[in-house]
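Below: one structure, written as structure tokens.
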Amino acid sequence: MRKLPDIKRLVVKVGTSTLTYENGRLNLGRIQNLARVLSDVKNSGVDLVLVTSGAIGVGVETMGLGHRPESVAEKQAAAAVGQPQLMEIYEDSFGKYNTKVAQILLTKYLLTDTKMHANATATFEALLDADVLPIVNENDTVVTDEILFGDNDTLSAHIATLVQADLLLILTDIDGLYDKNPLENPDATLISSLPNVTEDVKVLAGGSSSNRGTGGMITKLEAAEIAQKAQVPTLIMNGTEPDLIYQALKGEELGTIIGA
Ligand code: GLU
């Protein structure tokens with residue numbers, strides 16, 4: 001078992017690869033399980049914020065594009081189609097467990113515009129006070145390259161900082177950080193905990209592990225670095241079986257914990 005901080009406030013990030021099947025379609029069973037487990041965690045008295053990807057992925061599927069487009073405008077169009085659908089699915093899935101949800105779409109101006117930062121902070125607090133689950137994504141339809149978070153790993157770390165979370169939980173399609181690339185090395189072993197992210201550790205992490213999302217292990221490690229600056233530890237674990245979140249939050253050695 002590992003020693004975790006007392007978790008009163010939790011930010012969970014879920015990526016496109018967890019929300020969808022390999023063919024790009026939504027994995028509704030998994031989303032339902034995730035909604036059940038997260039609602040239960042929230043019911044136990046934890047302030048919860050969910051950072052979600054999937055707007056572009058869902059839009060690509062609905063528009064029948066066949067693959068993730070290259071151009072920014074096409075991605076933004078796909079996000080504009082996908083984001084409301086994604087929220088509808090969350091509203092339905094969480095609604096089943098009486099969890100009220102809210103949509104928060106942010107841009108990187110959050111980090112530089114102090115007024116926006118203060119407003120966003122106050123909105124998060126008001127939603128959490130009102131027992132509502134904020135569901136956050138980047139406002140993909142309006143951002144440009146220069147102001148792009150780009151991947152929601154980074155966004156989730158900034159949100160964990162902003163709400164002063166006790167833990168950032170990043171769910172992905174791999175069990176955590178390995179000492180070598182596990183796809184090429186069957187003897188690769190999972191690193192259970194890291195005091196902090198060093199350059200050597202970043203070398204261990206390859207590129208994106210799927211073609212449906214944006215971030216790979218590197219962006220997750222960078223997210224952990226950002227969160228650590230605000231004394232928020234990060235747990236990177238497999239989101240395939242959402243029920244494992246219960247064990248992980250009890251301190252079972254699942255995934256890779258950084259900065260605890
Ligand atoms: N904001 C993008 C979306 O919802 C996701 C970025 C990412 O893959 O992390 O599709």
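Each chain in the structure tokens gets a letter, A, B and so on, in the order shown; residues start at 1 in every chain, and ligands are counted from 1 in the order they appear.
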**OP:** List the neighbours of Pro242 in chain A out to 12 Å using only C-alpha atoms; skip same-chain residues closer than 2 positions along the sequence, and give me the result as a PyMOL selection string.
**Re:** chain A and resi 12+14+18-19+29-41+169-173+237-240+244-249
Could the residues in this selection be saved with N, CA and C atoms as a JSON list (two decimals), in the first residue's frame?
[["chain", "number", "residue", "atom", "x", "y", "z"],
["A", 12, "VAL", "N", -10.01, 14.68, -11.80],
["A", 12, "VAL", "CA", -9.82, 13.48, -12.62],
["A", 12, "VAL", "C", -9.79, 13.90, -14.08],
["A", 14, "VAL", "N", -9.83, 12.49, -17.95],
["A", 14, "VAL", "CA", -10.09, 11.31, -18.77],
["A", 14, "VAL", "C", -9.86, 11.68, -20.24],
["A", 18, "THR", "N", -9.65, 6.59, -23.47],
["A", 18, "THR", "CA", -10.44, 5.89, -22.44],
["A", 18, "THR", "C", -11.93, 5.95, -22.79],
["A", 19, "LEU", "N", -12.35, 7.03, -23.41],
["A", 19, "LEU", "CA", -13.78, 7.23, -23.67],
["A", 19, "LEU", "C", -14.26, 6.51, -24.93],
["A", 29, "GLY", "N", -20.33, 1.80, -22.23],
["A", 29, "GLY", "CA", -20.27, 1.00, -21.00],
["A", 29, "GLY", "C", -19.23, 1.58, -20.05],
["A", 30, "ARG", "N", -18.10, 1.93, -20.60],
["A", 30, "ARG", "CA", -17.03, 2.46, -19.75],
["A", 30, "ARG", "C", -17.41, 3.83, -19.18],
["A", 31, "ILE", "N", -18.04, 4.65, -20.02],
["A", 31, "ILE", "CA", -18.45, 5.99, -19.55],
["A", 31, "ILE", "C", -19.47, 5.84, -18.41],
["A", 32, "GLN", "N", -20.35, 4.87, -18.57],
["A", 32, "GLN", "CA", -21.35, 4.61, -17.54],
["A", 32, "GLN", "C", -20.67, 4.17, -16.22],
["A", 33, "ASN", "N", -19.69, 3.27, -16.36],
["A", 33, "ASN", "CA", -18.96, 2.80, -15.17],
["A", 33, "ASN", "C", -18.21, 3.95, -14.50],
["A", 34, "LEU", "N", -17.62, 4.76, -15.33],
["A", 34, "LEU", "CA", -16.86, 5.90, -14.82],
["A", 34, "LEU", "C", -17.81, 6.85, -14.07],
["A", 35, "ALA", "N", -18.97, 7.08, -14.65],
["A", 35, "ALA", "CA", -19.94, 7.98, -14.02],
["A", 35, "ALA", "C", -20.41, 7.41, -12.67],
["A", 36, "ARG", "N", -20.56, 6.09, -12.63],
["A", 36, "ARG", "CA", -21.00, 5.45, -11.37],
["A", 36, "ARG", "C", -19.92, 5.59, -10.29],
["A", 37, "VAL", "N", -18.69, 5.25, -10.66],
["A", 37, "VAL", "CA", -17.60, 5.28, -9.66],
["A", 37, "VAL", "C", -17.35, 6.73, -9.21],
["A", 38, "LEU", "N", -17.30, 7.65, -10.17],
["A", 38, "LEU", "CA", -17.00, 9.04, -9.79],
["A", 38, "LEU", "C", -18.15, 9.64, -8.98],
["A", 39, "SER", "N", -19.39, 9.28, -9.30],
["A", 39, "SER", "CA", -20.52, 9.77, -8.52],
["A", 39, "SER", "C", -20.41, 9.26, -7.08],
["A", 40, "ASP", "N", -20.00, 8.00, -6.95],
["A", 40, "ASP", "CA", -19.87, 7.39, -5.64],
["A", 40, "ASP", "C", -18.75, 8.06, -4.83],
["A", 41, "VAL", "N", -17.64, 8.32, -5.50],
["A", 41, "VAL", "CA", -16.52, 9.00, -4.84],
["A", 41, "VAL", "C", -17.00, 10.38, -4.37],
["A", 169, "LEU", "N", -5.73, 12.89, -10.74],
["A", 169, "LEU", "CA", -5.79, 11.51, -11.23],
["A", 169, "LEU", "C", -5.94, 11.54, -12.74],
["A", 170, "ILE", "N", -4.91, 11.08, -13.45],
["A", 170, "ILE", "CA", -4.96, 11.07, -14.92],
["A", 170, "ILE", "C", -5.22, 9.63, -15.38],
["A", 171, "LEU", "N", -6.39, 9.45, -15.99],
["A", 171, "LEU", "CA", -6.75, 8.11, -16.48],
["A", 171, "LEU", "C", -6.31, 7.99, -17.94],
["A", 172, "THR", "N", -5.68, 6.86, -18.26],
["A", 172, "THR", "CA", -5.20, 6.69, -19.61],
["A", 172, "THR", "C", -5.36, 5.23, -20.04],
["A", 173, "ASP", "N", -4.78, 4.87, -21.21],
["A", 173, "ASP", "CA", -4.98, 3.50, -21.71],
["A", 173, "ASP", "C", -3.77, 2.61, -21.45],
["A", 237, "MET", "N", -2.97, 6.41, -14.04],
["A", 237, "MET", "CA", -3.35, 4.99, -14.03],
["A", 237, "MET", "C", -4.27, 4.64, -15.19],
["A", 238, "ASN", "N", -4.45, 3.35, -15.38],
["A", 238, "ASN", "CA", -5.29, 2.86, -16.47],
["A", 238, "ASN", "C", -6.77, 3.14, -16.15],
["A", 239, "GLY", "N", -7.46, 3.72, -17.12],
["A", 239, "GLY", "CA", -8.88, 4.03, -16.90],
["A", 239, "GLY", "C", -9.81, 2.99, -17.49],
["A", 240, "THR", "N", -9.23, 1.89, -17.97],
["A", 240, "THR", "CA", -10.05, 0.86, -18.63],
["A", 240, "THR", "C", -11.10, 0.27, -17.70],
["A", 244, "LEU", "N", -11.31, 0.26, -10.52],
["A", 244, "LEU", "CA", -9.99, 0.25, -9.87],
["A", 244, "LEU", "C", -9.68, 1.59, -9.19],
["A", 245, "ILE", "N", -10.44, 2.62, -9.55],
["A", 245, "ILE", "CA", -10.22, 3.93, -8.91],
["A", 245, "ILE", "C", -10.44, 3.81, -7.40],
["A", 246, "TYR", "N", -11.42, 2.96, -7.00],
["A", 246, "TYR", "CA", -11.66, 2.78, -5.56],
["A", 246, "TYR", "C", -10.39, 2.31, -4.86],
["A", 247, "GLN", "N", -9.79, 1.24, -5.44],
["A", 247, "GLN", "CA", -8.57, 0.69, -4.83],
["A", 247, "GLN", "C", -7.44, 1.71, -4.83],
["A", 248, "ALA", "N", -7.31, 2.40, -5.96],
["A", 248, "ALA", "CA", -6.21, 3.37, -6.08],
["A", 248, "ALA", "C", -6.34, 4.45, -5.02],
["A", 249, "LEU", "N", -7.58, 4.90, -4.79],
["A", 249, "LEU", "CA", -7.76, 5.98, -3.81],
["A", 249, "LEU", "C", -7.58, 5.49, -2.38]]
Protein and nucleic residues near ligand 1, 10 Å, only C-alpha atoms and all ligand atoms, as a PDB file with C-alpha atoms, in the first residue's frame:
ATOM      1  CA  LYS A  13      -8.687  13.701 -16.238  1.00  0.00           C
ATOM      2  CA  VAL A  14     -10.091  11.313 -18.774  1.00  0.00           C
ATOM      3  CA  GLY A  15      -8.763  11.111 -22.322  1.00  0.00           C
ATOM      4  CA  THR A  16     -10.270  10.216 -25.672  1.00  0.00           C
ATOM      5  CA  SER A  17      -8.576   6.801 -25.650  1.00  0.00           C
ATOM      6  CA  VAL A  51     -11.437  17.271 -17.076  1.00  0.00           C
ATOM      7  CA  THR A  52     -12.463  15.524 -20.257  1.00  0.00           C
ATOM      8  CA  SER A  53     -11.210  15.217 -23.792  1.00  0.00           C
ATOM      9  CA  GLY A  54     -13.260  13.669 -26.535  1.00  0.00           C
ATOM     10  CA  ALA A  55     -14.953  16.641 -28.200  1.00  0.00           C
ATOM     11  CA  ILE A  56     -12.933  16.276 -31.391  1.00  0.00           C
ATOM     12  CA  GLY A  57     -13.125  12.473 -31.317  1.00  0.00           C
ATOM     13  CA  VAL A  58     -16.912  12.473 -30.925  1.00  0.00           C
ATOM     14  CA  GLY A  59     -17.278  15.154 -33.612  1.00  0.00           C
ATOM     15  CA  VAL A  60     -15.080  13.219 -36.047  1.00  0.00           C
ATOM     16  CA  ARG A  68      -8.882  12.999 -37.077  1.00  0.00           C
ATOM     17  CA  LYS A  75     -10.630  20.118 -35.723  1.00  0.00           C
ATOM     18  CA  GLN A  76     -12.493  23.113 -34.327  1.00  0.00           C
ATOM     19  CA  ALA A  78     -15.376  18.652 -35.122  1.00  0.00           C
ATOM     20  CA  ALA A  79     -15.084  19.911 -31.527  1.00  0.00           C
ATOM     21  CA  ALA A  80     -18.090  22.189 -32.060  1.00  0.00           C
ATOM     22  CA  GLY A  82     -18.674  16.802 -30.492  1.00  0.00           C
ATOM     23  CA  GLN A  83     -18.629  18.926 -27.322  1.00  0.00           C
ATOM     24  CA  LEU A  86     -20.176  14.670 -25.098  1.00  0.00           C
ATOM     25  CA  LEU A 105     -14.817  25.524 -21.384  1.00  0.00           C
ATOM     26  CA  LEU A 106     -11.527  27.322 -20.833  1.00  0.00           C
ATOM     27  CA  VAL A 136     -13.976  20.912 -18.048  1.00  0.00           C
ATOM     28  CA  ASN A 137     -12.552  20.937 -21.553  1.00  0.00           C
ATOM     29  CA  GLU A 138     -10.521  23.376 -23.552  1.00  0.00           C
ATOM     30  CA  ASN A 139     -12.704  25.713 -25.609  1.00  0.00           C
ATOM     31  CA  ASP A 140     -11.447  24.074 -28.775  1.00  0.00           C
ATOM     32  CA  THR A 141     -13.638  26.040 -31.145  1.00  0.00           C
ATOM     33  CA  LEU A 148      -3.585  26.354 -27.112  1.00  0.00           C
ATOM     34  CA  PHE A 149      -3.217  24.107 -24.065  1.00  0.00           C
ATOM     35  CA  GLY A 150      -3.439  21.469 -26.794  1.00  0.00           C
ATOM     36  CA  ASP A 151      -3.706  18.477 -24.567  1.00  0.00           C
ATOM     37  CA  ASN A 152      -5.956  18.116 -21.595  1.00  0.00           C
ATOM     38  CA  ASP A 153      -3.183  16.627 -19.443  1.00  0.00           C
ATOM     39  CA  THR A 154      -1.699  20.115 -19.167  1.00  0.00           C
ATOM     40  CA  LEU A 155      -5.135  21.662 -18.711  1.00  0.00           C
ATOM     41  CA  SER A 156      -5.955  19.221 -15.913  1.00  0.00           C
ATOM     42  CA  SER A 208       1.270   9.433 -27.917  1.00  0.00           C
ATOM     43  CA  ASN A 211      -4.131   7.895 -32.460  1.00  0.00           C
ATOM     44  CA  ARG A 212      -7.418   9.045 -30.983  1.00  0.00           C
ATOM     45  CA  GLY A 213      -6.163  11.463 -28.322  1.00  0.00           C
ATOM     46  CA  THR A 214      -3.494  14.112 -28.189  1.00  0.00           C
ATOM     47  CA  GLY A 215      -1.212  13.567 -25.242  1.00  0.00           C
ATOM     48  CA  GLY A 216       1.168  10.691 -24.601  1.00  0.00           C
ATOM     49  CA  THR A 219       2.391  15.344 -21.560  1.00  0.00           C
TER      50      THR A 219
END
**OP:** Write down as number ranges by chain the residues of range 77-225 of chain A whose backbone DSSP state falls under strand (DSSP E).
**Re:** A: 100-106, 132-138, 167-172, 193-194
Subject >> Å distance separating CA of Leu235 in chain A from CA of Tyr97 in chain A, one decimal place >> reply: 25.2 Å
Original post:
What gap, in Å, lies between CA of Ala157 in chain A and CA of Thr62 in chain A?
Top reply: 29.3 Å
Subject >> Every residue of range 51-237 of chain A that DSSP places in alpha helix (DSSP H), as a PyMOL selection string >> reply: chain A and resi 55-62+72-95+109-112+114-129+152-162+199-204+217-229
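Counting only C-alpha atoms and comparing A:Thr112, A:Thr234, A:Gln85, A:Thr189, the residue that lies closest to Ala165 in chain A is A:Thr234.
Straight-line separation from CA of Val11 in chain A to CA of Leu167 in chain A: 6.5 Å.
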Write out as a PDB file with all heavy atoms, in the first residue's frame the residues lying within 10 Å of Leu204 in chain A, counting only C-alpha atoms and excluding same-chain residues fewer than 5 positions away.
ATOM      1  N   LEU A 177       3.686   4.616 -15.856  1.00  0.00           N
ATOM      2  CA  LEU A 177       4.998   4.821 -16.474  1.00  0.00           C
ATOM      3  C   LEU A 177       5.853   3.563 -16.282  1.00  0.00           C
ATOM      4  O   LEU A 177       5.955   3.047 -15.170  1.00  0.00           O
ATOM      5  CB  LEU A 177       5.689   6.035 -15.831  1.00  0.00           C
ATOM      6  CG  LEU A 177       7.070   6.349 -16.378  1.00  0.00           C
ATOM      7  CD1 LEU A 177       6.995   6.903 -17.797  1.00  0.00           C
ATOM      8  CD2 LEU A 177       7.796   7.353 -15.476  1.00  0.00           C
ATOM      9  N   TYR A 178       6.442   3.088 -17.369  1.00  0.00           N
ATOM     10  CA  TYR A 178       7.306   1.903 -17.327  1.00  0.00           C
ATOM     11  C   TYR A 178       8.772   2.308 -17.440  1.00  0.00           C
ATOM     12  O   TYR A 178       9.083   3.394 -17.941  1.00  0.00           O
ATOM     13  CB  TYR A 178       6.951   0.960 -18.474  1.00  0.00           C
ATOM     14  CG  TYR A 178       5.679   0.181 -18.233  1.00  0.00           C
ATOM     15  CD1 TYR A 178       4.429   0.735 -18.522  1.00  0.00           C
ATOM     16  CD2 TYR A 178       5.718  -1.105 -17.694  1.00  0.00           C
ATOM     17  CE1 TYR A 178       3.263   0.032 -18.285  1.00  0.00           C
ATOM     18  CE2 TYR A 178       4.563  -1.820 -17.458  1.00  0.00           C
ATOM     19  CZ  TYR A 178       3.343  -1.250 -17.758  1.00  0.00           C
ATOM     20  OH  TYR A 178       2.187  -1.949 -17.515  1.00  0.00           O
ATOM     21  N   ASP A 179       9.634   1.402 -17.015  1.00  0.00           N
ATOM     22  CA  ASP A 179      11.073   1.700 -17.111  1.00  0.00           C
ATOM     23  C   ASP A 179      11.580   1.600 -18.552  1.00  0.00           C
ATOM     24  O   ASP A 179      12.663   2.067 -18.863  1.00  0.00           O
ATOM     25  CB  ASP A 179      11.885   0.808 -16.155  1.00  0.00           C
ATOM     26  CG  ASP A 179      11.739  -0.667 -16.459  1.00  0.00           C
ATOM     27  OD1 ASP A 179      10.836  -1.033 -17.249  1.00  0.00           O
ATOM     28  OD2 ASP A 179      12.513  -1.467 -15.899  1.00  0.00           O
ATOM     29  N   LYS A 180      10.811   0.935 -19.435  1.00  0.00           N
ATOM     30  CA  LYS A 180      11.095   0.906 -20.871  1.00  0.00           C
ATOM     31  C   LYS A 180       9.745   0.881 -21.588  1.00  0.00           C
ATOM     32  O   LYS A 180       8.724   0.623 -20.940  1.00  0.00           O
ATOM     33  CB  LYS A 180      11.858  -0.338 -21.336  1.00  0.00           C
ATOM     34  CG  LYS A 180      12.676  -1.076 -20.337  1.00  0.00           C
ATOM     35  CD  LYS A 180      13.401  -2.223 -21.057  1.00  0.00           C
ATOM     36  CE  LYS A 180      14.123  -3.110 -20.184  1.00  0.00           C
ATOM     37  NZ  LYS A 180      14.104  -3.879 -19.202  1.00  0.00           N
ATOM     38  N   ASN A 181       9.762   1.096 -22.899  1.00  0.00           N
ATOM     39  CA  ASN A 181       8.517   1.062 -23.650  1.00  0.00           C
ATOM     40  C   ASN A 181       7.901  -0.344 -23.567  1.00  0.00           C
ATOM     41  O   ASN A 181       8.453  -1.301 -24.108  1.00  0.00           O
ATOM     42  CB  ASN A 181       8.792   1.449 -25.108  1.00  0.00           C
ATOM     43  CG  ASN A 181       7.508   1.519 -25.909  1.00  0.00           C
ATOM     44  OD1 ASN A 181       6.478   0.959 -25.520  1.00  0.00           O
ATOM     45  ND2 ASN A 181       7.562   2.195 -27.035  1.00  0.00           N
ATOM     46  N   GLU A 199      14.611  14.856 -16.235  1.00  0.00           N
ATOM     47  CA  GLU A 199      14.799  14.731 -17.687  1.00  0.00           C
ATOM     48  C   GLU A 199      14.954  13.259 -18.076  1.00  0.00           C
ATOM     49  O   GLU A 199      14.442  12.823 -19.099  1.00  0.00           O
ATOM     50  CB  GLU A 199      16.019  15.536 -18.157  1.00  0.00           C
ATOM     51  CG  GLU A 199      15.791  17.050 -18.151  1.00  0.00           C
ATOM     52  CD  GLU A 199      14.493  17.482 -18.844  1.00  0.00           C
ATOM     53  OE1 GLU A 199      14.272  17.065 -19.995  1.00  0.00           O
ATOM     54  OE2 GLU A 199      13.693  18.228 -18.230  1.00  0.00           O
ATOM     55  N   MET A 217       2.618   9.848 -22.832  1.00  0.00           N
ATOM     56  CA  MET A 217       3.114   9.839 -21.452  1.00  0.00           C
ATOM     57  C   MET A 217       3.878  11.130 -21.135  1.00  0.00           C
ATOM     58  O   MET A 217       3.839  11.614 -20.016  1.00  0.00           O
ATOM     59  CB  MET A 217       3.977   8.587 -21.254  1.00  0.00           C
ATOM     60  CG  MET A 217       4.283   8.257 -19.828  1.00  0.00           C
ATOM     61  SD  MET A 217       2.867   8.247 -18.687  1.00  0.00           S
ATOM     62  CE  MET A 217       2.076   6.699 -19.076  1.00  0.00           C
ATOM     63  N   ILE A 218       4.532  11.713 -22.145  1.00  0.00           N
ATOM     64  CA  ILE A 218       5.315  12.937 -21.881  1.00  0.00           C
ATOM     65  C   ILE A 218       4.409  14.055 -21.360  1.00  0.00           C
ATOM     66  O   ILE A 218       4.736  14.720 -20.370  1.00  0.00           O
ATOM     67  CB  ILE A 218       6.062  13.387 -23.155  1.00  0.00           C
ATOM     68  CG1 ILE A 218       7.139  12.342 -23.440  1.00  0.00           C
ATOM     69  CG2 ILE A 218       6.645  14.807 -22.982  1.00  0.00           C
ATOM     70  CD1 ILE A 218       8.314  12.776 -24.225  1.00  0.00           C
TER      71      ILE A 218
END
Subject >> Residue nearest Glu241 in chain A - candidates A:Glu61, A:Glu88, A:Asp175, A:Glu222, atoms counted: only C-alpha atoms >> reply: A:Asp175
**OP:** Considering only C-alpha atoms, return as a PyMOL selection string whatever protein or nucleic-acid residues lie within 12 Å of Glu125 in chain A, sequence-local ones (same chain, fewer than 4 positions apart) excluded.
**Re:** chain A and resi 9+47-49+118-121+129-134+162-165
Using only N, CA and C atoms, please write the residues we just selected to a file, as a PDB file, in the first residue's frame.
ATOM      1  N   ARG A   9     -10.383  16.882  -2.152  1.00  0.00           N
ATOM      2  CA  ARG A   9     -10.654  17.502  -3.444  1.00  0.00           C
ATOM      3  C   ARG A   9      -9.835  16.786  -4.524  1.00  0.00           C
ATOM      4  N   ASP A  47     -14.832  16.641  -3.095  1.00  0.00           N
ATOM      5  CA  ASP A  47     -15.109  17.644  -4.135  1.00  0.00           C
ATOM      6  C   ASP A  47     -14.441  17.152  -5.406  1.00  0.00           C
ATOM      7  N   LEU A  48     -15.229  17.026  -6.451  1.00  0.00           N
ATOM      8  CA  LEU A  48     -14.700  16.404  -7.659  1.00  0.00           C
ATOM      9  C   LEU A  48     -14.809  17.336  -8.851  1.00  0.00           C
ATOM     10  N   VAL A  49     -13.747  17.351  -9.671  1.00  0.00           N
ATOM     11  CA  VAL A  49     -13.778  18.079 -10.944  1.00  0.00           C
ATOM     12  C   VAL A  49     -13.318  17.088 -12.011  1.00  0.00           C
ATOM     13  N   ALA A 118      -9.527  34.735 -11.669  1.00  0.00           N
ATOM     14  CA  ALA A 118     -10.330  34.938 -10.447  1.00  0.00           C
ATOM     15  C   ALA A 118     -11.780  34.507 -10.683  1.00  0.00           C
ATOM     16  N   ASN A 119     -12.308  34.851 -11.854  1.00  0.00           N
ATOM     17  CA  ASN A 119     -13.690  34.461 -12.167  1.00  0.00           C
ATOM     18  C   ASN A 119     -13.837  32.952 -12.236  1.00  0.00           C
ATOM     19  N   ALA A 120     -12.884  32.317 -12.903  1.00  0.00           N
ATOM     20  CA  ALA A 120     -12.959  30.861 -13.038  1.00  0.00           C
ATOM     21  C   ALA A 120     -12.880  30.213 -11.650  1.00  0.00           C
ATOM     22  N   THR A 121     -11.970  30.716 -10.814  1.00  0.00           N
ATOM     23  CA  THR A 121     -11.831  30.153  -9.468  1.00  0.00           C
ATOM     24  C   THR A 121     -13.145  30.271  -8.707  1.00  0.00           C
ATOM     25  N   ASP A 129     -19.611  24.169  -4.183  1.00  0.00           N
ATOM     26  CA  ASP A 129     -20.496  24.469  -3.038  1.00  0.00           C
ATOM     27  C   ASP A 129     -21.912  23.998  -3.299  1.00  0.00           C
ATOM     28  N   ALA A 130     -22.331  24.133  -4.565  1.00  0.00           N
ATOM     29  CA  ALA A 130     -23.703  23.747  -4.929  1.00  0.00           C
ATOM     30  C   ALA A 130     -23.797  22.253  -5.254  1.00  0.00           C
ATOM     31  N   ASP A 131     -22.712  21.521  -4.977  1.00  0.00           N
ATOM     32  CA  ASP A 131     -22.713  20.074  -5.156  1.00  0.00           C
ATOM     33  C   ASP A 131     -22.848  19.655  -6.628  1.00  0.00           C
ATOM     34  N   VAL A 132     -22.321  20.483  -7.502  1.00  0.00           N
ATOM     35  CA  VAL A 132     -22.381  20.191  -8.939  1.00  0.00           C
ATOM     36  C   VAL A 132     -20.991  19.740  -9.397  1.00  0.00           C
ATOM     37  N   LEU A 133     -20.961  18.804 -10.321  1.00  0.00           N
ATOM     38  CA  LEU A 133     -19.691  18.328 -10.856  1.00  0.00           C
ATOM     39  C   LEU A 133     -19.289  19.165 -12.078  1.00  0.00           C
ATOM     40  N   PRO A 134     -18.232  19.978 -11.961  1.00  0.00           N
ATOM     41  CA  PRO A 134     -17.772  20.718 -13.137  1.00  0.00           C
ATOM     42  C   PRO A 134     -17.056  19.774 -14.104  1.00  0.00           C
ATOM     43  N   LEU A 162      -5.524  25.323  -9.750  1.00  0.00           N
ATOM     44  CA  LEU A 162      -6.515  26.380  -9.509  1.00  0.00           C
ATOM     45  C   LEU A 162      -7.477  26.022  -8.365  1.00  0.00           C
ATOM     46  N   VAL A 163      -7.926  24.779  -8.328  1.00  0.00           N
ATOM     47  CA  VAL A 163      -8.890  24.411  -7.268  1.00  0.00           C
ATOM     48  C   VAL A 163      -8.178  23.868  -6.028  1.00  0.00           C
ATOM     49  N   GLN A 164      -6.840  23.875  -6.063  1.00  0.00           N
ATOM     50  CA  GLN A 164      -6.019  23.350  -4.958  1.00  0.00           C
ATOM     51  C   GLN A 164      -6.438  21.939  -4.563  1.00  0.00           C
ATOM     52  N   ALA A 165      -6.376  21.071  -5.567  1.00  0.00           N
ATOM     53  CA  ALA A 165      -6.773  19.677  -5.352  1.00  0.00           C
ATOM     54  C   ALA A 165      -5.764  18.960  -4.456  1.00  0.00           C
TER      55      ALA A 165
END
Original post:
Looking at only C-alpha atoms, which of A:Ile226, A:Leu10, A:Ala73, A:Ala260 is the one that sits closest to His158 in chain A?
Top reply: A:Ile226
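Compared by their closest atoms to Pro195 in chain A, and using only C-alpha atoms, the residues A:Asp243, A:Glu91, A:Glu253, A:Glu225 rank with A:Glu225 nearest.
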